[in-house]
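Asker: This is coords_30.tsv, which holds TSV, C-alpha atoms and all ligand atoms:
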```
chain	number	residue	atom	x	y	z
A	1	MET	CA	125.61	152.49	158.82
A	2	ILE	CA	123.96	151.51	155.55
A	3	LEU	CA	122.84	147.93	155.78
A	4	GLY	CA	122.15	145.54	152.90
A	5	ASP	CA	121.80	141.78	152.60
A	6	GLY	CA	125.12	140.41	153.90
A	7	ILE	CA	126.86	143.69	153.08
A	8	ARG	CA	127.12	147.07	154.79
A	9	LEU	CA	128.68	150.47	154.29
A	10	ARG	CA	130.11	152.18	157.36
A	11	ALA	CA	132.38	155.09	158.16
A	12	LEU	CA	136.03	154.34	157.41
A	13	GLU	CA	138.05	154.30	160.64
A	14	ARG	CA	141.68	155.32	161.14
A	15	SER	CA	142.42	151.70	162.10
A	16	ASP	CA	141.33	150.64	158.56
A	17	VAL	CA	144.01	152.78	156.91
A	18	PRO	CA	146.92	150.24	156.98
A	19	ARG	CA	144.70	147.77	155.11
A	20	CYS	CA	143.85	150.45	152.52
A	21	ALA	CA	147.58	151.15	152.06
A	22	VAL	CA	148.18	147.48	151.21
A	23	TRP	CA	145.36	147.50	148.62
A	24	ILE	CA	146.46	150.73	146.97
A	25	ASN	CA	150.00	149.37	146.49
A	26	ASP	CA	148.80	146.18	144.79
A	27	ARG	CA	149.00	146.66	141.04
A	28	GLU	CA	146.25	144.12	140.32
A	29	VAL	CA	143.86	146.26	142.34
A	30	SER	CA	145.19	149.75	141.64
A	31	GLN	CA	146.00	149.54	137.92
A	32	TYR	CA	142.64	151.12	137.09
A	33	LEU	CA	142.87	153.90	139.68
A	34	LEU	CA	144.51	157.32	139.51
A	35	VAL	CA	147.39	156.07	141.69
A	36	ARG	CA	150.73	156.09	139.86
A	37	THR	CA	153.36	155.95	142.55
A	38	PRO	CA	153.96	153.70	145.57
A	39	ILE	CA	151.96	155.05	148.52
A	40	SER	CA	153.49	155.03	152.01
A	41	LEU	CA	151.43	154.41	155.13
A	42	ALA	CA	152.15	158.01	156.14
A	43	ALA	CA	150.73	159.27	152.81
A	44	GLU	CA	147.66	157.09	153.21
A	45	GLU	CA	147.17	158.45	156.75
A	46	ARG	CA	147.41	162.03	155.38
A	47	TRP	CA	144.78	161.13	152.77
A	48	TYR	CA	142.52	159.88	155.58
A	49	GLU	CA	142.92	163.11	157.58
A	50	GLN	CA	142.28	165.30	154.53
A	51	MET	CA	139.22	163.28	153.63
A	52	ALA	CA	137.88	163.58	157.21
A	53	GLN	CA	138.35	167.37	157.09
A	54	ARG	CA	136.44	167.64	153.82
A	55	ALA	CA	133.42	165.69	155.12
A	56	PRO	CA	130.54	165.77	154.33
A	57	ASN	CA	131.51	166.94	150.82
A	58	GLU	CA	133.91	164.01	150.65
A	59	GLN	CA	132.68	160.71	152.08
A	60	VAL	CA	134.67	157.49	152.11
A	61	LEU	CA	132.78	154.47	153.41
A	62	ALA	CA	134.13	151.02	154.19
A	63	ILE	CA	132.50	148.05	152.44
A	64	ASP	CA	132.06	145.14	154.86
A	65	VAL	CA	130.68	141.72	153.90
A	66	GLN	CA	129.40	139.07	156.26
A	67	THR	CA	131.46	135.89	156.56
A	68	ALA	CA	130.08	132.35	156.96
A	69	GLU	CA	130.78	132.73	160.71
A	70	GLY	CA	128.66	135.88	160.82
A	71	ASP	CA	131.56	138.30	161.32
A	72	TRP	CA	132.05	141.43	159.22
A	73	ARG	CA	135.08	141.62	156.90
A	74	HIS	CA	136.34	144.88	155.42
A	75	ILE	CA	136.90	144.21	151.69
A	76	GLY	CA	137.00	147.64	150.07
A	77	ASN	CA	135.91	151.27	150.06
A	78	ILE	CA	133.33	153.33	148.23
A	79	SER	CA	133.22	157.11	148.17
A	80	PHE	CA	131.46	160.26	147.07
A	81	HIS	CA	133.80	163.03	145.95
A	82	GLU	CA	132.93	166.71	146.06
A	83	LEU	CA	129.21	166.63	146.56
A	84	ASP	CA	127.84	169.48	144.46
A	85	VAL	CA	125.06	171.02	146.57
A	86	PHE	CA	123.97	173.42	143.82
A	87	ASN	CA	123.55	170.85	141.07
A	88	HIS	CA	122.84	167.86	143.34
A	89	SER	CA	125.49	165.67	141.76
A	90	ALA	CA	128.47	163.71	143.01
A	91	GLU	CA	131.22	161.51	141.63
A	92	VAL	CA	131.41	158.01	143.04
A	93	GLY	CA	134.56	155.87	143.32
A	94	ILE	CA	134.87	152.24	144.39
A	95	LEU	CA	137.64	149.79	145.18
A	96	ILE	CA	137.38	146.14	146.21
A	97	GLY	CA	140.82	145.55	147.71
A	98	GLU	CA	140.57	141.96	148.93
A	99	LYS	CA	141.41	140.06	145.76
A	100	ASP	CA	139.43	136.91	146.60
A	101	CYS	CA	136.34	139.16	146.65
A	102	LEU	CA	136.71	140.54	143.11
A	103	GLY	CA	134.09	139.57	140.54
A	104	ARG	CA	131.70	138.05	143.10
A	105	GLY	CA	128.97	140.67	142.88
A	106	PHE	CA	130.07	142.66	145.94
A	107	GLY	CA	130.91	145.70	143.79
A	108	ARG	CA	127.44	145.98	142.33
A	109	LYS	CA	125.79	145.33	145.71
A	110	ALA	CA	127.88	148.05	147.36
A	111	MET	CA	127.10	150.41	144.47
A	112	ALA	CA	123.36	149.70	144.80
A	113	LEU	CA	123.56	150.67	148.49
A	114	MET	CA	125.54	153.82	147.62
A	115	LEU	CA	122.94	154.84	145.03
A	116	ASP	CA	120.16	154.31	147.60
A	117	TYR	CA	122.13	156.48	150.04
A	118	GLY	CA	122.97	159.17	147.48
A	119	PHE	CA	119.53	159.53	145.96
A	120	GLY	CA	117.43	158.56	148.99
A	121	MET	CA	119.31	160.30	151.79
A	122	LEU	CA	121.56	162.97	150.25
A	123	ASN	CA	118.96	164.10	147.68
A	124	LEU	CA	121.34	163.78	144.73
A	125	ASN	CA	120.02	163.96	141.18
A	126	ARG	CA	123.02	162.60	139.26
A	127	ILE	CA	125.75	160.22	140.34
A	128	PHE	CA	128.61	159.79	137.90
A	129	LEU	CA	131.97	158.08	137.61
A	130	HIS	CA	135.04	157.79	135.42
A	131	VAL	CA	136.29	154.37	134.35
A	132	HIS	CA	139.14	153.26	132.09
A	133	ALA	CA	137.76	151.82	128.86
A	134	ASP	CA	139.86	148.66	129.35
A	135	ASN	CA	138.39	147.96	132.82
A	136	GLU	CA	135.84	145.48	131.53
A	137	ARG	CA	134.97	144.04	134.96
A	138	ALA	CA	134.17	147.47	136.36
A	139	ILE	CA	132.10	148.53	133.34
A	140	ARG	CA	130.01	145.35	133.54
A	141	SER	CA	129.51	145.88	137.26
A	142	TYR	CA	128.46	149.52	136.79
A	143	ARG	CA	126.03	148.65	133.99
A	144	ALA	CA	124.44	146.04	136.25
A	145	ALA	CA	124.06	148.73	138.93
A	146	GLY	CA	122.23	150.98	136.44
A	147	PHE	CA	124.96	153.26	135.06
A	148	VAL	CA	124.81	154.31	131.42
A	149	GLN	CA	127.67	155.65	129.34
A	150	GLU	CA	127.62	159.42	128.76
A	151	GLY	CA	130.73	159.85	126.71
A	152	VAL	CA	134.38	159.06	126.11
A	153	LEU	CA	137.38	161.15	127.13
A	154	ARG	CA	139.78	160.09	124.41
A	155	GLN	CA	143.30	159.10	125.50
A	156	ASP	CA	142.62	160.82	128.81
A	157	MET	CA	144.98	158.62	130.87
A	158	TYR	CA	148.58	157.63	130.32
A	159	LYS	CA	149.54	154.40	132.05
A	160	TYR	CA	152.03	151.62	131.54
A	161	GLY	CA	153.36	153.14	128.31
A	162	ARG	CA	150.12	153.92	126.51
A	163	TYR	CA	147.15	156.25	126.48
A	164	VAL	CA	143.75	154.85	127.40
A	165	ASP	CA	140.26	156.23	126.87
A	166	VAL	CA	138.17	157.04	129.93
A	167	LEU	CA	134.40	156.55	129.94
A	168	VAL	CA	132.04	158.85	131.84
A	169	MET	CA	129.04	156.93	133.17
A	170	SER	CA	126.11	158.09	135.28
A	171	VAL	CA	122.77	157.28	136.85
A	172	LEU	CA	120.02	159.88	137.13
A	173	ARG	CA	117.59	159.94	140.01
A	174	SER	CA	114.66	159.21	137.64
A	175	GLU	CA	116.49	156.10	136.34
A	176	TRP	CA	117.22	154.90	139.87
A	177	GLN	CA	113.55	155.35	140.81
A	178	ALA	CA	112.38	153.49	137.70
A	179	LYS	CA	114.81	150.61	138.38
A	180	ARG	CA	113.73	150.38	142.02
A	181	SER	CA	110.04	150.24	141.09
A	182	LEU	CA	110.78	147.11	139.01
A	183	GLU	CA	112.62	145.32	141.86
A	201	LIG	C1	135.38	147.55	139.76
A	201	LIG	C2	134.90	146.73	140.93
A	201	LIG	C3	134.42	147.64	142.05
A	201	LIG	C4	133.71	145.86	140.47
A	201	LIG	O1	133.27	145.10	141.57
A	201	LIG	P1	133.24	143.49	141.48
A	201	LIG	O2	132.58	143.01	142.71
A	201	LIG	O3	134.60	142.99	141.19
A	201	LIG	O4	132.34	143.26	140.18
A	201	LIG	P2	130.91	142.52	140.06
A	201	LIG	O5	131.04	141.14	140.57
A	201	LIG	O6	129.86	143.41	140.62
A	201	LIG	O7	130.72	142.51	138.46
A	201	LIG	C5	131.78	142.04	137.63
A	201	LIG	C6	131.28	141.76	136.22
A	201	LIG	O8	132.42	141.56	135.39
A	201	LIG	C7	132.57	140.16	135.08
A	201	LIG	N1	133.95	139.84	135.41
A	201	LIG	C8	134.45	139.28	136.53
A	201	LIG	N2	135.79	139.17	136.44
A	201	LIG	C9	136.15	139.70	135.26
A	201	LIG	C10	137.39	139.91	134.61
A	201	LIG	N3	138.55	139.56	135.17
A	201	LIG	N4	137.37	140.52	133.39
A	201	LIG	C11	136.22	140.91	132.82
A	201	LIG	N5	135.00	140.74	133.39
A	201	LIG	C12	134.98	140.15	134.60
A	201	LIG	C13	131.55	139.41	135.93
A	201	LIG	O9	131.08	138.29	135.25
A	201	LIG	C14	130.48	140.49	136.10
A	201	LIG	O10	129.72	140.69	134.92
A	201	LIG	P3	128.29	139.97	134.66
A	201	LIG	O11	127.45	140.22	135.87
A	201	LIG	O12	127.80	140.63	133.43
A	201	LIG	O13	128.59	138.52	134.52
A	201	LIG	C15	136.07	145.80	141.46
A	201	LIG	O14	136.36	144.84	140.48
A	201	LIG	C16	137.34	146.58	141.81
A	201	LIG	O15	137.37	147.28	142.81
A	201	LIG	N6	138.39	146.42	141.00
A	201	LIG	C17	139.71	146.99	141.31
A	201	LIG	C18	139.70	148.52	141.36
A	201	LIG	C19	138.87	149.13	140.25
A	201	LIG	O16	138.97	148.75	139.09
A	201	LIG	N7	138.08	150.13	140.64
A	201	LIG	C20	137.20	150.83	139.72
A	201	LIG	C21	137.87	152.04	139.20
A	201	LIG	S1	136.76	152.95	138.14
```
Would you mind giving the structure from this file in structure tokens?
Answerer:
Amino acid sequence: MILGDGIRLRALERSDVPRCAVWINDREVSQYLLVRTPISLAAEERWYEQMAQRAPNEQVLAIDVQTAEGDWRHIGNISFHELDVFNHSAEVGILIGEKDCLGRGFGRKAMALMLDYGFGMLNLNRIFLHVHADNERAIRSYRAAGFVQEGVLRQDMYKYGRYVDVLVMSVLRSEWQAKRSLE
């Protein structure tokens, strides 16, 4: 369990999978992800099993936020893909699936916890991500969390009838340390 202020990251449970399947089939949420086809519950359950088998190189964590009543509500997932133990790097992915929770700062808070976990616990040196150039909300959130743009993969994705550029963004361990020392 990785605990923050009113937010926590925990292991994703099998019982969370039906909720994830709803999120991944919602175009408003998934339009910026790699998903292109409708995803069945069975397919989502297979994804969960495959992810569990690839642990710890693949880690999907649930993002929970605390409600006014003090309960925990599962609002999205955040993950490290293919931890590279030779180069100490990993790709991070994030999804806030509960639509009333978008744009309320939960993404950047969850990302801050994931960076603390990745650099502080897993001894990573570089954490990077890919983001569609038209995903303004995500880019603003990632910048606030400390990510800087490395480059542009031109017309890397084809979606909804057009090609879109994909940005590569990253945080280095030294940048994370410098940011933390100012907080
Ligand atoms: C990307 C994502 C994780 C960001 O988390 P979030 O909690 O929604 O974002 P935050 O609240 O941390 O930051 C959002 C920023 O964008 C701004 N914003 C909010 N809604 C916006 C919108 N519809 N369009 C553009 N900017 C928006 C906010 O003002 C904030 O910027 P600021 O701090 O400079 O004012 C989340 O939006 C999400 O999961 N989206 C759907 C799936 C997705 O796009 N995943 C990322 C794939 S790379």
Asker: Give the answer as one residue: which of A:Val148, A:Ala68, A:Ala55, A:Val92 has the shortest atom-to-atom distance to ligand LIG 201 (chain A), using only C-alpha atoms and all ligand atoms?
Answerer: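 Of A:Val148, A:Ala68, A:Ala55, A:Val92, the one nearest ligand LIG 201 (chain A), counting only C-alpha atoms and all ligand atoms, is A:Val92.
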Asker: Which residues form the shell of 6 Å around ligand LIG 201 (chain A) when you count only C-alpha atoms and all ligand atoms, given as a list in words?
Answerer: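 I would give the residues around ligand LIG 201 (chain A) as Val29, Ser30, Tyr32, Leu33, Ile94, Leu95, Ile96, Leu102, Gly103, Arg104, Gly105, Phe106, Gly107, Arg108, His130, Val131, Glu136, Arg137, Ala138, Arg140 and Ser141 of chain A.
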Asker: Point out the residue among A:Gln149, A:Ser89, A:Ser174, A:Ser40 with the least atom-to-atom distance to A:Arg126, counting all atoms listed in the file.
Answerer: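 Of A:Gln149, A:Ser89, A:Ser174, A:Ser40, the one nearest A:Arg126 is A:Ser89, counting all atoms listed in the file.
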Asker: Taking all atoms listed in the file into account, which of A:Met111, A:Leu182, A:Val22, A:Val166 comes nearest A:Asp134?
Answerer: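 Answer, going by the shortest atom-to-atom distance: A:Val166.
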Asker: Do you have the atom CA of A:Glu82-atom CA of A:Glu58 distance handy?
Answerer: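 Separation of atom CA of A:Glu82 and atom CA of A:Glu58: 5.4 Å.
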Asker: Tell me which of A:Leu122, A:Phe128, A:Ala62, A:Arg14 sits closest to A:Gln50, counting all atoms listed in the file.
Answerer: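 Comparing A:Leu122, A:Phe128, A:Ala62, A:Arg14 against A:Gln50, the winner is A:Arg14.
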